$ cat protein-v1.txt   # compact mmCIF, N, CA and C atoms
# COMPACT_ATOMS: atom_id res chain seq x y z
N LEU S 1 13.67 9.06 -2.65
CA LEU S 1 14.79 8.27 -2.23
C LEU S 1 14.61 6.81 -2.65
N ALA S 2 13.45 6.28 -2.41
CA ALA S 2 13.20 4.89 -2.78
C ALA S 2 13.28 4.71 -4.29
N ALA S 3 12.82 5.71 -5.04
CA ALA S 3 12.86 5.62 -6.49
C ALA S 3 14.29 5.57 -7.00
N ARG S 4 15.14 6.39 -6.43
CA ARG S 4 16.55 6.38 -6.85
C ARG S 4 17.18 5.03 -6.56
N GLU S 5 16.90 4.49 -5.39
CA GLU S 5 17.46 3.19 -5.02
C GLU S 5 16.95 2.10 -5.95
N TRP S 6 15.65 2.15 -6.25
CA TRP S 6 15.06 1.14 -7.12
C TRP S 6 15.66 1.20 -8.52
N LYS S 7 15.83 2.42 -9.03
CA LYS S 7 16.44 2.58 -10.36
C LYS S 7 17.88 2.08 -10.35
N SER S 8 18.62 2.39 -9.28
CA SER S 8 20.02 1.97 -9.22
C SER S 8 20.16 0.46 -9.14
N GLU S 9 19.12 -0.22 -8.67
CA GLU S 9 19.15 -1.68 -8.58
C GLU S 9 18.64 -2.35 -9.85
N GLY S 10 18.42 -1.56 -10.90
CA GLY S 10 18.00 -2.11 -12.19
C GLY S 10 16.51 -2.13 -12.43
N GLY S 11 15.74 -1.40 -11.63
CA GLY S 11 14.30 -1.33 -11.84
C GLY S 11 13.97 -0.59 -13.13
N ASP S 12 12.79 -0.83 -13.65
CA ASP S 12 12.33 -0.20 -14.89
C ASP S 12 12.20 1.31 -14.67
N ALA S 13 13.05 2.08 -15.31
CA ALA S 13 13.10 3.53 -15.10
C ALA S 13 11.81 4.21 -15.54
N SER S 14 11.23 3.82 -16.67
CA SER S 14 10.02 4.48 -17.16
C SER S 14 8.84 4.20 -16.23
N PHE S 15 8.77 2.98 -15.70
CA PHE S 15 7.71 2.64 -14.74
C PHE S 15 7.86 3.48 -13.48
N CYS S 16 9.07 3.59 -13.00
CA CYS S 16 9.35 4.37 -11.80
C CYS S 16 9.03 5.85 -12.03
N ASP S 17 9.40 6.37 -13.18
CA ASP S 17 9.11 7.77 -13.49
C ASP S 17 7.61 8.03 -13.52
N MET S 18 6.85 7.08 -14.08
CA MET S 18 5.40 7.24 -14.13
C MET S 18 4.79 7.19 -12.73
N LYS S 19 5.31 6.32 -11.88
CA LYS S 19 4.84 6.25 -10.49
C LYS S 19 5.10 7.58 -9.78
N LEU S 20 6.28 8.15 -9.99
CA LEU S 20 6.61 9.44 -9.38
C LEU S 20 5.71 10.55 -9.91
N HIS S 21 5.43 10.52 -11.21
CA HIS S 21 4.55 11.50 -11.83
C HIS S 21 3.15 11.41 -11.21
N THR S 22 2.65 10.19 -11.04
CA THR S 22 1.33 9.98 -10.45
C THR S 22 1.30 10.47 -9.00
N ALA S 23 2.32 10.15 -8.24
CA ALA S 23 2.39 10.59 -6.84
C ALA S 23 2.44 12.11 -6.75
N ARG S 24 3.19 12.73 -7.64
CA ARG S 24 3.29 14.19 -7.65
C ARG S 24 1.93 14.81 -7.96
N PHE S 25 1.20 14.22 -8.92
CA PHE S 25 -0.13 14.73 -9.28
C PHE S 25 -1.06 14.70 -8.06
N TYR S 26 -1.11 13.55 -7.39
CA TYR S 26 -1.97 13.44 -6.21
C TYR S 26 -1.54 14.42 -5.13
N ALA S 27 -0.26 14.56 -4.92
CA ALA S 27 0.23 15.46 -3.88
C ALA S 27 -0.12 16.92 -4.19
N GLU S 28 -0.06 17.29 -5.46
CA GLU S 28 -0.31 18.68 -5.83
C GLU S 28 -1.80 18.98 -6.04
N GLN S 29 -2.56 18.03 -6.56
CA GLN S 29 -3.94 18.31 -6.94
C GLN S 29 -4.99 17.81 -5.94
N LEU S 30 -4.80 16.64 -5.39
CA LEU S 30 -5.84 16.04 -4.56
C LEU S 30 -5.58 16.18 -3.06
N LEU S 31 -4.35 16.05 -2.66
CA LEU S 31 -4.03 16.12 -1.23
C LEU S 31 -4.46 17.44 -0.59
N PRO S 32 -4.29 18.59 -1.26
CA PRO S 32 -4.73 19.85 -0.64
C PRO S 32 -6.24 19.89 -0.36
N GLN S 33 -7.03 19.13 -1.10
CA GLN S 33 -8.47 19.12 -0.90
C GLN S 33 -8.87 18.45 0.41
N THR S 34 -8.02 17.58 0.92
CA THR S 34 -8.37 16.84 2.13
C THR S 34 -8.53 17.74 3.34
N LYS S 35 -7.82 18.84 3.38
CA LYS S 35 -7.94 19.76 4.51
C LYS S 35 -9.37 20.31 4.60
N GLY S 36 -9.98 20.55 3.47
CA GLY S 36 -11.35 21.04 3.46
C GLY S 36 -12.39 19.99 3.81
N LEU S 37 -12.01 18.73 3.79
CA LEU S 37 -12.94 17.64 4.10
C LEU S 37 -12.89 17.21 5.57
N VAL S 38 -12.00 17.78 6.34
CA VAL S 38 -11.85 17.38 7.74
C VAL S 38 -13.17 17.47 8.52
N PRO S 39 -13.94 18.55 8.40
CA PRO S 39 -15.20 18.61 9.16
C PRO S 39 -16.16 17.46 8.81
N GLN S 40 -16.27 17.12 7.54
CA GLN S 40 -17.16 16.03 7.15
C GLN S 40 -16.65 14.69 7.66
N ILE S 41 -15.35 14.51 7.61
CA ILE S 41 -14.76 13.24 8.04
C ILE S 41 -14.90 13.05 9.54
N THR S 42 -14.69 14.11 10.30
CA THR S 42 -14.70 13.99 11.75
C THR S 42 -16.10 14.13 12.35
N ALA S 43 -17.09 14.50 11.55
CA ALA S 43 -18.45 14.68 12.07
C ALA S 43 -19.08 13.35 12.48
N GLY S 44 -18.60 12.27 11.93
CA GLY S 44 -19.17 10.97 12.29
C GLY S 44 -20.35 10.60 11.41
N GLY S 45 -20.90 9.46 11.67
CA GLY S 45 -21.98 8.94 10.84
C GLY S 45 -23.32 8.90 11.55
N ALA S 46 -23.49 9.67 12.61
CA ALA S 46 -24.72 9.61 13.40
C ALA S 46 -25.96 9.90 12.55
N SER S 47 -25.90 10.87 11.66
CA SER S 47 -27.08 11.20 10.86
C SER S 47 -27.44 10.08 9.90
N VAL S 48 -26.46 9.39 9.39
CA VAL S 48 -26.71 8.27 8.48
C VAL S 48 -27.28 7.09 9.24
N LEU S 49 -26.73 6.84 10.41
CA LEU S 49 -27.13 5.67 11.19
C LEU S 49 -28.42 5.89 11.98
N ALA S 50 -28.93 7.12 12.02
CA ALA S 50 -30.13 7.43 12.79
C ALA S 50 -31.40 6.89 12.14
N GLY S 51 -31.39 6.71 10.84
CA GLY S 51 -32.59 6.26 10.13
C GLY S 51 -32.78 4.75 10.19
N ASP S 52 -33.90 4.31 9.63
CA ASP S 52 -34.22 2.89 9.55
C ASP S 52 -33.45 2.28 8.38
N LEU S 53 -32.50 1.45 8.67
CA LEU S 53 -31.64 0.87 7.64
C LEU S 53 -32.24 -0.35 6.97
N SER S 54 -33.40 -0.82 7.42
CA SER S 54 -33.98 -2.04 6.84
C SER S 54 -34.30 -1.86 5.36
N ALA S 55 -34.69 -0.67 4.93
CA ALA S 55 -35.00 -0.44 3.52
C ALA S 55 -33.75 -0.48 2.66
N VAL S 56 -32.63 -0.11 3.22
CA VAL S 56 -31.37 -0.09 2.49
C VAL S 56 -30.76 -1.48 2.42
N LEU S 57 -30.97 -2.27 3.45
CA LEU S 57 -30.34 -3.59 3.57
C LEU S 57 -31.20 -4.69 2.95
N VAL S 58 -31.78 -4.42 1.82
CA VAL S 58 -32.63 -5.40 1.14
C VAL S 58 -31.80 -6.37 0.36
$ encode --input "protein-v1.txt" --output "structure tokens"
Amino acid sequence: LAAREWKSEGGDASFCDMKLHTARFYAEQLLPQTKGLVPQITAGGASVLAGDLSAVLV
């Protein structure tokens, strides 16, 4: 919807088409992968934060 409005207001059609193409790629190829990452995302960072961070923070 926003793309149609932008084009109708004189926006660069090829730029808009490329933005739509990029958004479609992410929606079709990358977005479905996020469902499989939910356990890692929601597990928290306790295991990372449990160690001595002084060696990392040099």
$ select_by_dssp --input "protein-v1.txt" --residues "range 1-53 of chain S" --states "alpha helix (DSSP H)" --output "MDAnalysis selection string"
chainID S and resid 2:8 13:25 34:42 46:49
$ atom_distance --input "protein-v1.txt" --atom1 "CA of Cys16 in chain S" --atom2 "atom C of Ala3 in chain S"
7.0 Å
$ atom_distance --input "protein-v1.txt" --atom1 "atom N of Phe25 in chain S" --atom2 "CA of Arg4 in chain S"
17.4 Å
$ atom_distance --input "protein-v1.txt" --atom1 "atom C of Phe15 in chain S" --atom2 "atom C of Leu30 in chain S"
21.2 Å
$ decode --input "protein-v1.txt" --residues "range 1-37 of chain S" --atoms "N, CA and C atoms" --output "CSV table (one decimal), in the first residue's frame"
chain,number,residue,atom,x,y,z
S,1,LEU,N,0.8,-1.2,0.0
S,1,LEU,CA,0.0,0.0,0.0
S,1,LEU,C,0.9,1.3,0.0
S,2,ALA,N,1.9,1.3,0.8
S,2,ALA,CA,2.7,2.4,0.9
S,2,ALA,C,3.5,2.6,-0.4
S,3,ALA,N,3.9,1.5,-1.0
S,3,ALA,CA,4.6,1.6,-2.3
S,3,ALA,C,3.8,2.2,-3.4
S,4,ARG,N,2.5,1.8,-3.4
S,4,ARG,CA,1.6,2.4,-4.4
S,4,ARG,C,1.4,3.9,-4.2
S,5,GLU,N,1.3,4.3,-3.0
S,5,GLU,CA,1.1,5.7,-2.7
S,5,GLU,C,2.4,6.5,-3.0
S,6,TRP,N,3.5,5.9,-2.7
S,6,TRP,CA,4.8,6.6,-3.0
S,6,TRP,C,5.0,6.7,-4.5
S,7,LYS,N,4.7,5.7,-5.2
S,7,LYS,CA,4.8,5.8,-6.7
S,7,LYS,C,3.8,6.8,-7.3
S,8,SER,N,2.6,6.8,-6.7
S,8,SER,CA,1.6,7.8,-7.3
S,8,SER,C,2.0,9.2,-7.0
S,9,GLU,N,2.8,9.4,-6.0
S,9,GLU,CA,3.3,10.8,-5.6
S,9,GLU,C,4.5,11.2,-6.3
S,10,GLY,N,5.0,10.3,-7.3
S,10,GLY,CA,6.1,10.7,-8.1
S,10,GLY,C,7.4,10.1,-7.6
S,11,GLY,N,7.4,9.1,-6.7
S,11,GLY,CA,8.6,8.5,-6.2
S,11,GLY,C,9.3,7.6,-7.3
S,12,ASP,N,10.5,7.4,-7.2
S,12,ASP,CA,11.3,6.6,-8.2
S,12,ASP,C,10.8,5.2,-8.2
S,13,ALA,N,10.1,4.8,-9.3
S,13,ALA,CA,9.5,3.5,-9.4
S,13,ALA,C,10.5,2.4,-9.3
S,14,SER,N,11.7,2.5,-10.0
S,14,SER,CA,12.6,1.4,-9.9
S,14,SER,C,13.2,1.2,-8.5
S,15,PHE,N,13.4,2.3,-7.8
S,15,PHE,CA,13.9,2.2,-6.4
S,15,PHE,C,12.8,1.5,-5.6
S,16,CYS,N,11.6,1.9,-5.7
S,16,CYS,CA,10.5,1.3,-5.0
S,16,CYS,C,10.3,-0.2,-5.3
S,17,ASP,N,10.4,-0.6,-6.6
S,17,ASP,CA,10.3,-2.0,-7.0
S,17,ASP,C,11.4,-2.8,-6.4
S,18,MET,N,12.7,-2.2,-6.3
S,18,MET,CA,13.8,-3.0,-5.7
S,18,MET,C,13.6,-3.2,-4.2
S,19,LYS,N,13.0,-2.1,-3.5
S,19,LYS,CA,12.7,-2.2,-2.1
S,19,LYS,C,11.7,-3.4,-1.9
S,20,LEU,N,10.7,-3.4,-2.7
S,20,LEU,CA,9.6,-4.4,-2.6
S,20,LEU,C,10.2,-5.8,-2.8
S,21,HIS,N,11.1,-5.9,-3.8
S,21,HIS,CA,11.8,-7.2,-4.1
S,21,HIS,C,12.6,-7.7,-2.9
S,22,THR,N,13.3,-6.7,-2.3
S,22,THR,CA,14.2,-7.1,-1.2
S,22,THR,C,13.3,-7.5,0.0
S,23,ALA,N,12.2,-6.8,0.3
S,23,ALA,CA,11.3,-7.2,1.3
S,23,ALA,C,10.7,-8.5,1.1
S,24,ARG,N,10.3,-8.8,-0.1
S,24,ARG,CA,9.7,-10.1,-0.5
S,24,ARG,C,10.7,-11.2,-0.2
S,25,PHE,N,12.0,-11.0,-0.6
S,25,PHE,CA,13.1,-12.0,-0.4
S,25,PHE,C,13.2,-12.3,1.1
S,26,TYR,N,13.3,-11.3,1.9
S,26,TYR,CA,13.4,-11.5,3.4
S,26,TYR,C,12.2,-12.2,3.9
S,27,ALA,N,11.0,-11.8,3.5
S,27,ALA,CA,9.8,-12.5,4.0
S,27,ALA,C,9.7,-13.9,3.6
S,28,GLU,N,10.2,-14.3,2.4
S,28,GLU,CA,10.1,-15.6,1.9
S,28,GLU,C,11.2,-16.5,2.4
S,29,GLN,N,12.4,-16.0,2.5
S,29,GLN,CA,13.6,-16.8,2.7
S,29,GLN,C,14.1,-16.7,4.2
S,30,LEU,N,14.1,-15.6,4.8
S,30,LEU,CA,14.7,-15.4,6.1
S,30,LEU,C,13.7,-15.4,7.3
S,31,LEU,N,12.6,-14.8,7.0
S,31,LEU,CA,11.6,-14.7,8.1
S,31,LEU,C,11.1,-16.1,8.6
S,32,PRO,N,10.9,-17.1,7.7
S,32,PRO,CA,10.5,-18.4,8.2
S,32,PRO,C,11.6,-19.1,9.2
S,33,GLN,N,12.8,-18.7,9.0
S,33,GLN,CA,13.9,-19.3,9.9
S,33,GLN,C,13.7,-18.8,11.3
S,34,THR,N,13.1,-17.6,11.6
S,34,THR,CA,13.1,-17.1,12.9
S,34,THR,C,12.3,-18.0,13.9
S,35,LYS,N,11.3,-18.7,13.3
S,35,LYS,CA,10.5,-19.6,14.2
S,35,LYS,C,11.4,-20.6,14.8
S,36,GLY,N,12.3,-21.1,14.1
S,36,GLY,CA,13.3,-22.1,14.6
S,36,GLY,C,14.3,-21.6,15.6
S,37,LEU,N,14.4,-20.3,15.7
S,37,LEU,CA,15.4,-19.6,16.6
S,37,LEU,C,14.8,-19.2,17.9
